[in-house]
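As stored in data_38.csv (CSV, C-alpha atoms):
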```csv
chain,number,residue,atom,x,y,z
A,1,MET,CA,58.2,-128.8,-64.9
A,2,THR,CA,55.8,-131.7,-64.8
A,3,ALA,CA,52.0,-131.3,-64.5
A,4,ALA,CA,52.3,-131.8,-60.7
A,5,GLY,CA,55.0,-129.1,-60.5
A,6,ALA,CA,57.9,-131.4,-59.5
A,7,ARG,CA,61.2,-130.5,-61.1
A,8,LEU,CA,62.8,-133.1,-63.3
A,9,PRO,CA,66.4,-133.8,-62.5
A,10,LEU,CA,67.9,-132.6,-65.8
A,11,GLU,CA,66.0,-129.4,-66.2
A,12,GLY,CA,68.4,-126.6,-67.2
A,13,ILE,CA,70.8,-129.0,-68.9
A,14,THR,CA,71.2,-128.5,-72.7
A,15,VAL,CA,72.4,-131.3,-74.9
A,16,VAL,CA,73.4,-130.8,-78.6
A,17,ALA,CA,73.3,-134.1,-80.4
A,18,LEU,CA,74.8,-134.7,-83.8
A,19,GLU,CA,73.1,-138.1,-84.0
A,20,GLN,CA,71.5,-140.7,-86.1
A,21,ALA,CA,70.2,-144.3,-86.1
A,22,VAL,CA,69.8,-145.9,-82.6
A,23,ALA,CA,72.8,-145.8,-80.2
A,24,ALA,CA,73.1,-142.0,-79.8
A,25,PRO,CA,69.4,-141.2,-80.0
A,26,PHE,CA,68.9,-143.8,-77.2
A,27,ALA,CA,71.6,-142.0,-75.1
A,28,THR,CA,69.9,-138.6,-75.6
A,29,ARG,CA,66.7,-139.9,-74.2
A,30,LEU,CA,68.1,-137.6,-71.4
A,31,ALA,CA,65.2,-135.5,-72.7
A,32,ASP,CA,62.9,-137.8,-70.7
A,33,GLN,CA,64.3,-136.4,-67.5
A,34,GLY,CA,64.0,-132.8,-68.5
A,35,ALA,CA,67.2,-132.1,-70.5
A,36,ARG,CA,66.8,-129.9,-73.5
A,37,VAL,CA,68.0,-132.0,-76.4
A,38,ILE,CA,68.7,-130.2,-79.7
A,39,LYS,CA,68.9,-132.9,-82.4
A,40,VAL,CA,71.0,-131.8,-85.3
A,41,GLU,CA,70.0,-133.5,-88.6
A,42,ARG,CA,71.0,-133.5,-92.2
A,43,VAL,CA,69.0,-131.1,-94.5
A,44,ASP,CA,68.6,-134.0,-97.0
A,45,GLY,CA,66.3,-136.3,-95.1
A,46,GLY,CA,67.6,-136.0,-91.6
A,47,ASP,CA,68.3,-138.9,-89.3
A,48,PHE,CA,68.1,-141.9,-91.7
A,49,ALA,CA,66.1,-143.8,-88.9
A,50,ARG,CA,63.2,-141.6,-90.0
A,51,ALA,CA,62.9,-143.8,-93.1
A,52,TYR,CA,63.9,-147.3,-91.8
A,53,ASP,CA,60.3,-148.2,-92.2
A,54,THR,CA,56.8,-146.5,-92.2
A,55,GLY,CA,55.4,-148.6,-89.4
A,56,VAL,CA,53.9,-145.8,-87.3
A,57,ARG,CA,50.6,-144.9,-88.9
A,58,GLY,CA,52.1,-145.6,-92.3
A,59,GLY,CA,54.4,-142.6,-92.3
A,60,LEU,CA,57.0,-142.6,-89.5
A,61,GLY,CA,59.8,-145.0,-88.8
A,62,THR,CA,59.3,-147.1,-85.7
A,63,HIS,CA,62.9,-146.7,-84.4
A,64,PHE,CA,62.6,-142.9,-84.8
A,65,ALA,CA,59.3,-142.7,-83.0
A,66,TRP,CA,60.7,-144.8,-80.1
A,67,LEU,CA,63.9,-142.8,-79.6
A,68,ASN,CA,63.2,-139.1,-80.5
A,69,ARG,CA,60.3,-137.7,-78.5
A,70,SER,CA,60.8,-134.5,-76.5
A,71,LYS,CA,63.7,-133.4,-78.8
A,72,GLU,CA,64.0,-130.3,-81.0
A,73,SER,CA,65.0,-131.0,-84.6
A,74,VAL,CA,67.4,-128.5,-86.3
A,75,ALA,CA,68.4,-129.3,-89.9
A,76,LEU,CA,71.9,-128.1,-90.9
A,77,ASP,CA,74.2,-128.6,-93.8
A,78,LEU,CA,77.6,-129.1,-92.1
A,79,LYS,CA,79.4,-129.1,-95.4
A,80,ARG,CA,78.7,-125.4,-95.5
A,81,ASP,CA,80.5,-122.8,-93.4
A,82,GLU,CA,77.1,-121.3,-92.4
A,83,GLY,CA,75.9,-124.7,-91.1
A,84,ARG,CA,79.1,-125.3,-89.1
A,85,ALA,CA,78.9,-121.8,-87.6
A,86,ILE,CA,75.4,-122.4,-86.4
A,87,LEU,CA,76.5,-125.7,-84.8
A,88,ALA,CA,79.4,-123.9,-83.1
A,89,ASP,CA,77.0,-121.4,-81.7
A,90,LEU,CA,74.8,-124.2,-80.4
A,91,VAL,CA,77.7,-126.1,-78.8
A,92,ALA,CA,78.9,-122.9,-77.1
A,93,ARG,CA,75.6,-122.7,-75.2
A,94,ALA,CA,75.5,-126.5,-74.4
A,95,ASP,CA,76.4,-128.5,-71.4
A,96,VAL,CA,76.8,-131.7,-73.4
A,97,PHE,CA,77.8,-132.3,-77.0
A,98,LEU,CA,77.2,-135.9,-78.1
A,99,GLN,CA,77.8,-137.3,-81.6
A,100,ASN,CA,78.0,-140.7,-83.3
A,101,LEU,CA,79.5,-139.8,-86.7
A,102,ALA,CA,82.2,-142.1,-88.1
A,103,PRO,CA,85.5,-141.9,-86.2
A,104,GLY,CA,87.3,-138.7,-87.0
A,105,ALA,CA,84.4,-137.1,-88.9
A,106,ALA,CA,83.4,-134.7,-86.2
A,107,ALA,CA,87.0,-133.6,-85.7
A,108,ARG,CA,87.4,-132.9,-89.4
A,109,LEU,CA,84.4,-130.6,-89.2
A,110,GLY,CA,86.0,-128.8,-86.3
A,111,PHE,CA,84.0,-130.5,-83.5
A,112,GLY,CA,86.5,-132.9,-82.0
A,113,ALA,CA,86.6,-133.3,-78.2
A,114,GLY,CA,90.0,-131.8,-77.8
A,115,GLU,CA,89.2,-128.6,-79.8
A,116,LEU,CA,85.8,-128.2,-78.1
A,117,ARG,CA,87.1,-128.6,-74.6
A,118,ALA,CA,90.0,-126.3,-75.2
A,119,ARG,CA,87.5,-123.6,-75.8
A,120,ASP,CA,85.1,-124.7,-73.0
A,121,PRO,CA,86.7,-126.9,-70.2
A,122,ARG,CA,83.2,-127.3,-68.6
A,123,LEU,CA,81.8,-128.9,-71.8
A,124,ILE,CA,81.0,-132.7,-71.7
A,125,VAL,CA,81.8,-134.3,-75.0
A,126,VAL,CA,80.5,-137.8,-75.7
A,127,GLU,CA,81.9,-139.5,-78.8
A,128,MET,CA,80.2,-142.8,-79.8
A,129,SER,CA,81.4,-145.2,-82.5
A,130,GLY,CA,81.5,-148.9,-83.3
A,131,TYR,CA,85.0,-149.7,-82.3
A,132,GLY,CA,86.7,-146.5,-81.1
A,133,THR,CA,89.3,-144.1,-82.4
A,134,ARG,CA,92.2,-146.5,-82.3
A,135,GLY,CA,93.0,-150.1,-83.2
A,136,PRO,CA,92.7,-152.2,-86.4
A,137,TYR,CA,88.9,-152.0,-86.4
A,138,ARG,CA,88.8,-148.2,-86.1
A,139,ASP,CA,87.3,-147.7,-89.6
A,140,LYS,CA,85.3,-150.9,-89.8
A,141,ARG,CA,81.5,-150.5,-90.4
A,142,ALA,CA,79.6,-151.2,-87.2
A,143,TYR,CA,76.0,-151.9,-87.5
A,144,ASP,CA,74.1,-153.6,-84.6
A,145,MET,CA,74.2,-157.1,-86.1
A,146,LEU,CA,77.8,-156.8,-87.1
A,147,VAL,CA,78.9,-155.8,-83.6
A,148,GLN,CA,76.7,-158.6,-82.0
A,149,ALA,CA,78.7,-161.0,-84.2
A,150,GLU,CA,82.1,-159.5,-83.6
A,151,ALA,CA,81.7,-159.3,-79.8
A,152,GLY,CA,80.5,-162.9,-79.6
A,153,LEU,CA,76.8,-162.3,-78.6
A,154,ILE,CA,75.5,-164.2,-81.6
A,155,SER,CA,77.7,-167.2,-80.7
A,156,VAL,CA,75.7,-167.7,-77.4
A,157,THR,CA,72.3,-167.0,-78.8
A,158,GLY,CA,70.1,-169.4,-80.7
A,159,THR,CA,70.0,-173.2,-81.1
A,160,PRO,CA,72.9,-175.7,-80.9
A,161,GLU,CA,72.7,-175.8,-84.7
A,162,THR,CA,72.1,-172.2,-85.6
A,163,PRO,CA,73.4,-168.9,-84.1
A,164,VAL,CA,70.8,-166.1,-83.9
A,165,LYS,CA,71.2,-162.4,-83.4
A,166,ALA,CA,69.2,-160.8,-80.6
A,167,GLY,CA,65.8,-159.6,-81.9
A,168,SER,CA,66.3,-156.1,-80.4
A,169,PRO,CA,69.3,-153.9,-81.4
A,170,LEU,CA,71.2,-154.8,-78.2
A,171,ALA,CA,74.6,-153.5,-79.4
A,172,ASP,CA,73.1,-150.1,-80.0
A,173,ILE,CA,71.1,-150.1,-76.8
A,174,ALA,CA,74.1,-151.2,-74.7
A,175,ALA,CA,76.2,-148.3,-76.1
A,176,GLY,CA,73.3,-145.9,-75.6
A,177,MET,CA,72.9,-147.0,-72.0
A,178,TYR,CA,76.6,-146.5,-71.2
A,179,ALA,CA,76.6,-143.1,-73.0
A,180,PHE,CA,73.5,-142.1,-71.0
A,181,SER,CA,75.0,-143.2,-67.6
A,182,GLY,CA,78.4,-141.8,-68.5
A,183,THR,CA,76.9,-138.4,-69.3
A,184,LEU,CA,75.1,-138.4,-65.9
A,185,ALA,CA,78.4,-139.3,-64.1
A,186,ALA,CA,80.2,-136.5,-65.9
A,187,LEU,CA,77.4,-134.0,-64.9
A,188,VAL,CA,77.7,-135.1,-61.3
A,189,ARG,CA,81.5,-134.6,-61.4
A,190,ARG,CA,81.2,-131.3,-63.1
A,191,GLY,CA,78.8,-130.2,-60.4
A,192,ALA,CA,81.4,-131.0,-57.8
A,193,THR,CA,84.6,-129.8,-59.5
A,194,GLY,CA,83.6,-127.6,-62.5
A,195,GLU,CA,85.4,-129.9,-64.8
A,196,GLY,CA,83.9,-131.2,-68.0
A,197,ALA,CA,84.8,-134.5,-69.7
A,198,SER,CA,85.7,-136.2,-72.9
A,199,ILE,CA,83.9,-139.6,-73.0
A,200,GLU,CA,84.4,-142.3,-75.6
A,201,ILE,CA,81.7,-145.1,-75.9
A,202,THR,CA,81.9,-147.9,-78.4
A,203,MET,CA,79.3,-150.5,-79.3
A,204,PHE,CA,82.0,-153.2,-79.2
A,205,ASP,CA,83.1,-152.4,-75.7
A,206,ALA,CA,79.5,-152.2,-74.5
A,207,VAL,CA,78.6,-155.7,-75.8
A,208,ALA,CA,82.0,-157.1,-74.7
A,209,GLU,CA,81.0,-156.0,-71.1
A,210,TRP,CA,77.6,-157.7,-71.5
A,211,MET,CA,79.4,-160.9,-72.5
A,212,GLY,CA,81.0,-161.1,-69.1
A,213,GLN,CA,79.7,-164.6,-68.0
A,214,ALA,CA,80.4,-166.1,-71.4
A,215,MET,CA,83.8,-164.5,-71.5
A,216,TYR,CA,84.9,-165.7,-68.0
A,217,THR,CA,83.6,-169.2,-68.9
A,218,THR,CA,85.8,-169.2,-71.9
A,219,LEU,CA,88.8,-167.8,-70.1
A,220,TYR,CA,88.8,-170.2,-67.2
A,221,THR,CA,87.3,-173.4,-68.6
A,222,GLY,CA,88.8,-173.2,-72.1
A,223,SER,CA,85.4,-173.6,-73.7
A,224,PRO,CA,82.7,-171.1,-74.7
A,225,PRO,CA,79.3,-171.8,-73.3
A,226,PRO,CA,77.1,-173.7,-75.7
A,227,ARG,CA,74.0,-172.3,-77.3
A,228,THR,CA,71.0,-173.8,-75.4
A,229,ARG,CA,67.9,-172.3,-77.1
A,230,LEU,CA,65.9,-170.8,-74.2
A,231,SER,CA,67.6,-172.9,-71.5
A,232,HIS,CA,70.6,-171.9,-69.4
A,233,PRO,CA,73.9,-173.5,-69.9
A,234,VAL,CA,74.5,-174.1,-66.1
A,235,ILE,CA,71.0,-174.2,-64.6
A,236,ALA,CA,68.2,-176.7,-65.0
A,237,PRO,CA,65.2,-176.7,-65.3
A,238,TYR,CA,65.3,-173.3,-67.1
A,239,ASP,CA,63.4,-173.3,-70.3
A,240,ALA,CA,60.0,-173.0,-72.0
A,241,TYR,CA,57.5,-175.8,-71.3
A,242,PRO,CA,54.3,-176.7,-73.2
A,243,THR,CA,50.8,-176.3,-72.0
A,244,SER,CA,47.5,-178.0,-73.1
A,245,ASP,CA,46.4,-174.8,-74.9
A,246,GLY,CA,49.5,-174.5,-77.0
A,247,ILE,CA,51.1,-171.5,-75.2
A,248,ASP,CA,54.5,-172.1,-73.6
A,249,VAL,CA,55.3,-171.1,-70.1
A,250,VAL,CA,58.9,-170.3,-69.1
A,251,ILE,CA,60.1,-171.8,-65.8
A,252,GLY,CA,63.3,-170.7,-64.2
A,253,VAL,CA,64.5,-172.8,-61.2
A,254,GLN,CA,67.6,-171.0,-59.8
A,255,ASN,CA,68.6,-173.4,-57.0
A,256,ASP,CA,67.7,-176.6,-55.2
A,257,ARG,CA,65.1,-174.9,-53.0
A,258,GLY,CA,63.3,-173.9,-56.2
A,259,TRP,CA,63.5,-177.5,-57.4
A,260,ALA,CA,62.0,-178.7,-54.2
A,261,ALA,CA,59.1,-176.3,-54.6
A,262,LEU,CA,58.5,-177.3,-58.2
A,263,ALA,CA,58.8,-181.0,-57.5
A,264,ALA,CA,56.4,-181.0,-54.6
A,265,GLY,CA,54.1,-178.2,-55.5
A,266,VAL,CA,53.6,-178.6,-59.2
A,267,LEU,CA,55.0,-181.9,-60.4
A,268,GLU,CA,53.6,-183.7,-57.3
A,269,ARG,CA,56.8,-185.7,-57.1
A,270,PRO,CA,58.4,-184.9,-53.7
A,271,ASP,CA,60.6,-188.0,-54.1
A,272,LEU,CA,62.6,-186.1,-56.8
A,273,VAL,CA,63.9,-183.8,-54.1
A,274,ILE,CA,66.2,-186.5,-52.8
A,275,ASP,CA,66.6,-188.6,-56.0
A,276,PRO,CA,70.3,-188.4,-56.8
A,277,GLU,CA,69.6,-187.8,-60.5
A,278,TYR,CA,67.6,-184.7,-59.7
A,279,ALA,CA,68.4,-183.5,-56.2
A,280,THR,CA,71.2,-181.0,-57.1
A,281,ASN,CA,71.5,-178.5,-59.9
A,282,GLN,CA,74.7,-180.1,-61.1
A,283,ALA,CA,72.8,-183.4,-61.4
A,284,ARG,CA,69.9,-181.8,-63.2
A,285,VAL,CA,72.2,-180.2,-65.7
A,286,ARG,CA,73.9,-183.5,-66.4
A,287,ASN,CA,70.4,-185.1,-66.8
A,288,ARG,CA,68.9,-182.1,-68.6
A,289,GLU,CA,67.0,-184.1,-71.2
A,290,LYS,CA,65.3,-186.3,-68.5
A,291,VAL,CA,64.5,-183.3,-66.4
A,292,ASP,CA,63.0,-181.3,-69.2
A,293,ALA,CA,60.9,-184.3,-70.4
A,294,LEU,CA,59.6,-184.9,-66.9
A,295,VAL,CA,58.6,-181.3,-66.4
A,296,ALA,CA,57.1,-181.1,-69.9
A,297,GLY,CA,55.1,-184.2,-69.3
A,298,VAL,CA,53.3,-182.5,-66.4
A,299,THR,CA,52.9,-179.0,-67.8
A,300,SER,CA,51.5,-180.2,-71.1
A,301,ARG,CA,48.4,-181.6,-69.3
A,302,MET,CA,47.6,-178.1,-67.9
A,303,GLY,CA,46.3,-174.9,-69.5
A,304,ARG,CA,48.6,-171.9,-69.2
A,305,GLU,CA,46.6,-170.0,-66.6
A,306,GLU,CA,46.3,-173.1,-64.4
A,307,LEU,CA,50.0,-173.8,-64.7
A,308,LEU,CA,50.9,-170.2,-63.9
A,309,ARG,CA,48.6,-170.2,-60.8
A,310,ARG,CA,50.2,-173.4,-59.5
A,311,LEU,CA,53.7,-172.1,-60.1
A,312,ASP,CA,52.9,-168.9,-58.3
A,313,LYS,CA,51.3,-170.7,-55.4
A,314,ALA,CA,54.4,-172.9,-55.1
A,315,GLY,CA,56.7,-169.9,-55.3
A,316,VAL,CA,58.4,-171.1,-58.5
A,317,PRO,CA,59.6,-168.3,-60.9
A,318,SER,CA,57.8,-168.3,-64.2
A,319,ALA,CA,56.7,-166.2,-67.1
A,320,SER,CA,54.4,-166.3,-70.1
A,321,LEU,CA,56.2,-166.6,-73.4
A,322,ASN,CA,54.7,-163.4,-74.8
A,323,ASP,CA,55.1,-161.9,-78.3
A,324,GLY,CA,54.5,-158.2,-79.2
A,325,HIS,CA,50.8,-158.5,-78.8
A,326,GLY,CA,51.2,-159.9,-75.3
A,327,LEU,CA,53.5,-157.0,-74.3
A,328,VAL,CA,51.2,-154.3,-75.7
A,329,ALA,CA,48.2,-155.9,-73.9
A,330,HIS,CA,50.2,-156.7,-70.7
A,331,PRO,CA,48.1,-156.1,-67.5
A,332,GLN,CA,51.2,-154.9,-65.6
A,333,LEU,CA,51.7,-152.0,-68.0
A,334,ALA,CA,48.0,-151.1,-67.8
A,335,GLU,CA,47.7,-151.4,-64.0
A,336,ARG,CA,50.7,-149.3,-63.5
A,337,ASP,CA,49.5,-146.6,-65.9
A,338,ARG,CA,52.6,-146.9,-68.1
A,339,TRP,CA,51.1,-145.7,-71.4
A,340,ARG,CA,50.9,-142.1,-72.6
A,341,GLU,CA,50.0,-140.5,-75.9
A,342,VAL,CA,52.6,-138.2,-77.6
A,343,GLY,CA,52.4,-136.1,-80.7
A,344,SER,CA,54.3,-136.8,-83.9
A,345,PRO,CA,54.3,-135.7,-87.5
A,346,VAL,CA,51.7,-138.4,-88.2
A,347,GLY,CA,49.4,-137.7,-85.3
A,348,GLY,CA,49.1,-138.9,-81.7
A,349,ILE,CA,50.9,-142.2,-81.0
A,350,ARG,CA,51.1,-144.4,-77.9
A,351,ALA,CA,54.3,-144.6,-76.0
A,352,LEU,CA,55.6,-146.1,-72.8
A,353,LEU,CA,56.9,-144.0,-70.0
A,354,PRO,CA,60.6,-144.4,-69.6
A,355,PRO,CA,61.7,-147.0,-67.0
A,356,ILE,CA,63.4,-144.4,-64.7
A,357,THR,CA,60.6,-143.3,-62.4
A,358,PHE,CA,61.1,-140.4,-60.0
A,359,ALA,CA,58.4,-140.2,-57.4
A,360,GLY,CA,56.3,-137.1,-57.9
A,361,ALA,CA,57.8,-136.2,-61.3
A,362,GLU,CA,56.3,-137.2,-64.6
A,363,PRO,CA,58.9,-137.7,-67.3
A,364,ARG,CA,58.7,-135.5,-70.3
A,365,MET,CA,56.6,-137.0,-73.0
A,366,ASP,CA,56.6,-134.2,-75.7
A,367,PRO,CA,56.1,-134.8,-79.4
A,368,VAL,CA,58.4,-136.6,-81.8
A,369,PRO,CA,59.7,-133.7,-84.1
A,370,ALA,CA,59.3,-133.3,-87.8
A,371,LEU,CA,62.6,-132.7,-89.6
A,372,GLY,CA,63.7,-129.2,-89.0
A,373,GLU,CA,60.6,-128.4,-87.0
A,374,HIS,CA,62.6,-126.2,-84.6
A,375,THR,CA,65.2,-124.8,-86.9
A,376,ASP,CA,63.7,-121.3,-87.1
A,377,ALA,CA,63.0,-121.0,-83.4
A,378,VAL,CA,66.5,-122.1,-82.5
A,379,LEU,CA,68.1,-119.7,-85.0
A,380,ARG,CA,66.2,-116.8,-83.5
A,381,GLU,CA,67.5,-117.8,-80.1
A,382,LEU,CA,71.0,-117.5,-81.7
A,383,GLY,CA,70.3,-114.0,-82.8
A,384,ARG,CA,69.5,-114.6,-86.5
A,385,ASP,CA,66.6,-112.4,-87.7
A,386,ASP,CA,64.0,-113.3,-90.4
A,387,ALA,CA,66.1,-112.0,-93.2
A,388,ALA,CA,69.2,-114.0,-92.1
A,389,ILE,CA,67.1,-117.2,-91.7
A,390,ALA,CA,65.6,-116.7,-95.2
A,391,ALA,CA,69.1,-116.3,-96.6
A,392,LEU,CA,70.3,-119.5,-94.9
A,393,ARG,CA,67.3,-121.4,-96.2
A,394,SER,CA,67.8,-120.0,-99.7
A,395,ALA,CA,71.4,-121.1,-99.6
A,396,GLY,CA,70.5,-124.6,-98.4
A,397,ALA,CA,72.5,-124.3,-95.2
A,398,VAL,CA,69.4,-125.1,-93.1
A,399,ALA,CA,66.1,-126.8,-93.5
```

Starting from the file, lay out its structure as structure tokens.
Amino acid sequence: MTAAGARLPLEGITVVALEQAVAAPFATRLADQGARVIKVERVDGGDFARAYDTGVRGGLGTHFAWLNRSKESVALDLKRDEGRAILADLVARADVFLQNLAPGAAARLGFGAGELRARDPRLIVVEMSGYGTRGPYRDKRAYDMLVQAEAGLISVTGTPETPVKAGSPLADIAAGMYAFSGTLAALVRRGATGEGASIEITMFDAVAEWMGQAMYTTLYTGSPPPRTRLSHPVIAPYDAYPTSDGIDVVIGVQNDRGWAALAAGVLERPDLVIDPEYATNQARVRNREKVDALVAGVTSRMGREELLRRLDKAGVPSASLNDGHGLVAHPQLAERDRWREVGSPVGGIRALLPPITFAGAEPRMDPVPALGEHTDAVLRELGRDDAAIAALRSAGAVA
């Protein structure tokens, strides 16, 4: 329950996650909406994202802090019979089992989708991987940048001279989002039919879907879209433009009405609305260099705040070209009360509320767990007494 007493939509749902890195932990942010997420980690260091860096207060990885709040950490050695037995007990009580081990690894441990659902047809099993369980790339390593490259995302990002990967791990995030939404869809179907599900999500499929416009351009024109820095391959003006105080402003004109607003209200050149070199989007794309130079010639004489005010007054879409500092200090986040403090192994840390907002229900914002923080409590739920837990620890089966 939230502080206001409103029930979160996933309260009562238990997710057991054999997860690491980014894609699967992003998917199991189901915890934000009330699900109980039991995160199963290795006894020897846990999720390796814990140690990607030490950027959070000098001791906690930034990826881990971002993705793992409100979860319970149980550390098991799945190479041992005792560790696998504990995981089996956890899955037997779960609504969802989600894992992103290498293809086939979970099945070799006895936790493949077919075996699990044969025992419990109501169970929802989500298997995440780079390329899936079939095909020539089945066993290929699949880190975020590699999948961005393989699926073509890097080919459309960057400058005409240099392809550039996206700065956020978009392949991981895309797969995580589809696993998140696929799990919700499976829960809805199970509520109606009683039937569980076996779901496969791959990073490659997720990014391929996100490449839709570029893919269709290639399919039906014979040429992939060119890299155009910040601009858009088929829209102009659509780019970052300079200001007199050295801070660029992004202007995005989507149609000819937007061009008319920019020309008359900001450039003070209403004649450009009917000038054949500028009047239509197709003409502006053909003359992109002239259009960009004309717009930049005006914007460079204004400060950022003045330019943004004029663009807003004219109804022209625009944005500040912010960096991380600009995001952290963004007035929209502050005004909408989007910041919270959550606990962690290194103390209280700031975190943003998740973007799914249910009216009257505050998302869960519980602490980021230490490795194995909840092992003993969960084992007691499973019926292990103190002596049994001590024996498991002594044997190295749990941590």

**OP:** Would you kindly return, as a PyMOL selection string, each protein, DNA or RNA residue with an atom no farther than 7 Å from any atom of segment 354-368 of chain A, considering only C-alpha atoms and excluding same-chain residues fewer than 6 positions away?
**Re:** chain A and resi 2+6-8+31-34+65+68-71+342-344

Original post:
Which neighbours of segment 284-298 of chain A fall inside 10 Å, counting all atoms listed in the file, when residues of the same chain fewer than 3 positions from it are skipped, and could you give them as a VMD selection string?
Top reply: chain A and resid 231 to 244 251 256 259 262 to 263 266 to 268 276 to 281 301 to 302 307

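Near Tyr52 of chain A, within 10 Å and counting only C-alpha atoms, sit A:Ala21, A:Asp47, A:Phe48, A:Leu60, A:Gly61, A:Thr62, A:His63, A:Phe64, not including residues fewer than 4 positions from it in the same chain.
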
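Across the structure, atom CA of Glu150 of chain A and atom CA of Ala208 of chain A are spaced 9.2 Å apart.
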
Near Gly58 of chain A, counting only C-alpha atoms, which residues have an atom at most 12 Å away, once you skip same-chain residues fewer than 6 positions from it, shown as a compact mmCIF listing (two decimals) with C-alpha atoms, in the frame of the given file?
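Saved as part_12.txt:
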```txt
# COMPACT_ATOMS: atom_id res chain seq x y z
CA ALA A 51 62.90 -143.80 -93.10
CA TYR A 52 63.90 -147.30 -91.80
CA PRO A 345 54.30 -135.70 -87.50
CA VAL A 346 51.70 -138.40 -88.20
CA GLY A 347 49.40 -137.70 -85.30
CA ILE A 349 50.90 -142.20 -81.00
```

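Using only C-alpha atoms, the shortest contact distance between Val250 of chain A and any of A:Ala175, A:Leu98, A:Val56, A:Leu311 is found at A:Leu311.
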
Subject >> Closest of A:Val16, A:Leu308, A:Ile38, A:Ala142 to Asp248 of chain A - atom-to-atom distances counting all atoms listed in the file >> reply: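 Smallest separation from Asp248 of chain A among the options: A:Leu308.
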
**OP:** Have a look at A:Leu101, A:Val207, A:Leu230, A:Leu352 and name the one nearest to Ala334 of chain A; count all atoms listed in the file.
**Re:** A:Leu352

**OP:** Would you work out the distance separating atom CA of Asn322 of chain A from atom CA of Ser168 of chain A, expressed in Å to one decimal?
**Re:** 14.8 Å

Original post:
Between atom CA of Asp323 of chain A and atom CA of Pro160 of chain A, what is the distance, to one decimal in Å?
Top reply: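 Between atom CA of Asp323 of chain A and atom CA of Pro160 of chain A the gap is 22.7 Å.
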
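The shortest atom-to-atom distance to Leu67 of chain A, with all atoms listed in the file taken into account, belongs to A:Val22 out of A:Leu90, A:Leu30, A:Val22, A:Ala370.
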
Subject >> Selection: 10 Å around segment 394-399 of chain A, all atoms listed in the file, excl. self and same-chain fewer than 5 positions, as a VMD selection string >> reply: chain A and resid 41 to 46 73 to 84 86 371 to 376 379 388 to 389

**OP:** Go through A:Ala24, A:Leu219, A:Val156, A:Ala113 and flag the residue nearest Ala197 of chain A, using all atoms listed in the file for the distances.
**Re:**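 Answer, going by the shortest atom-to-atom distance: A:Ala113.
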
Original post:
With all atoms listed in the file as the atoms that count, which of A:Pro169, A:Pro369, A:Pro225, A:Pro9 lies nearest to Met203 of chain A?
Top reply: A:Pro169
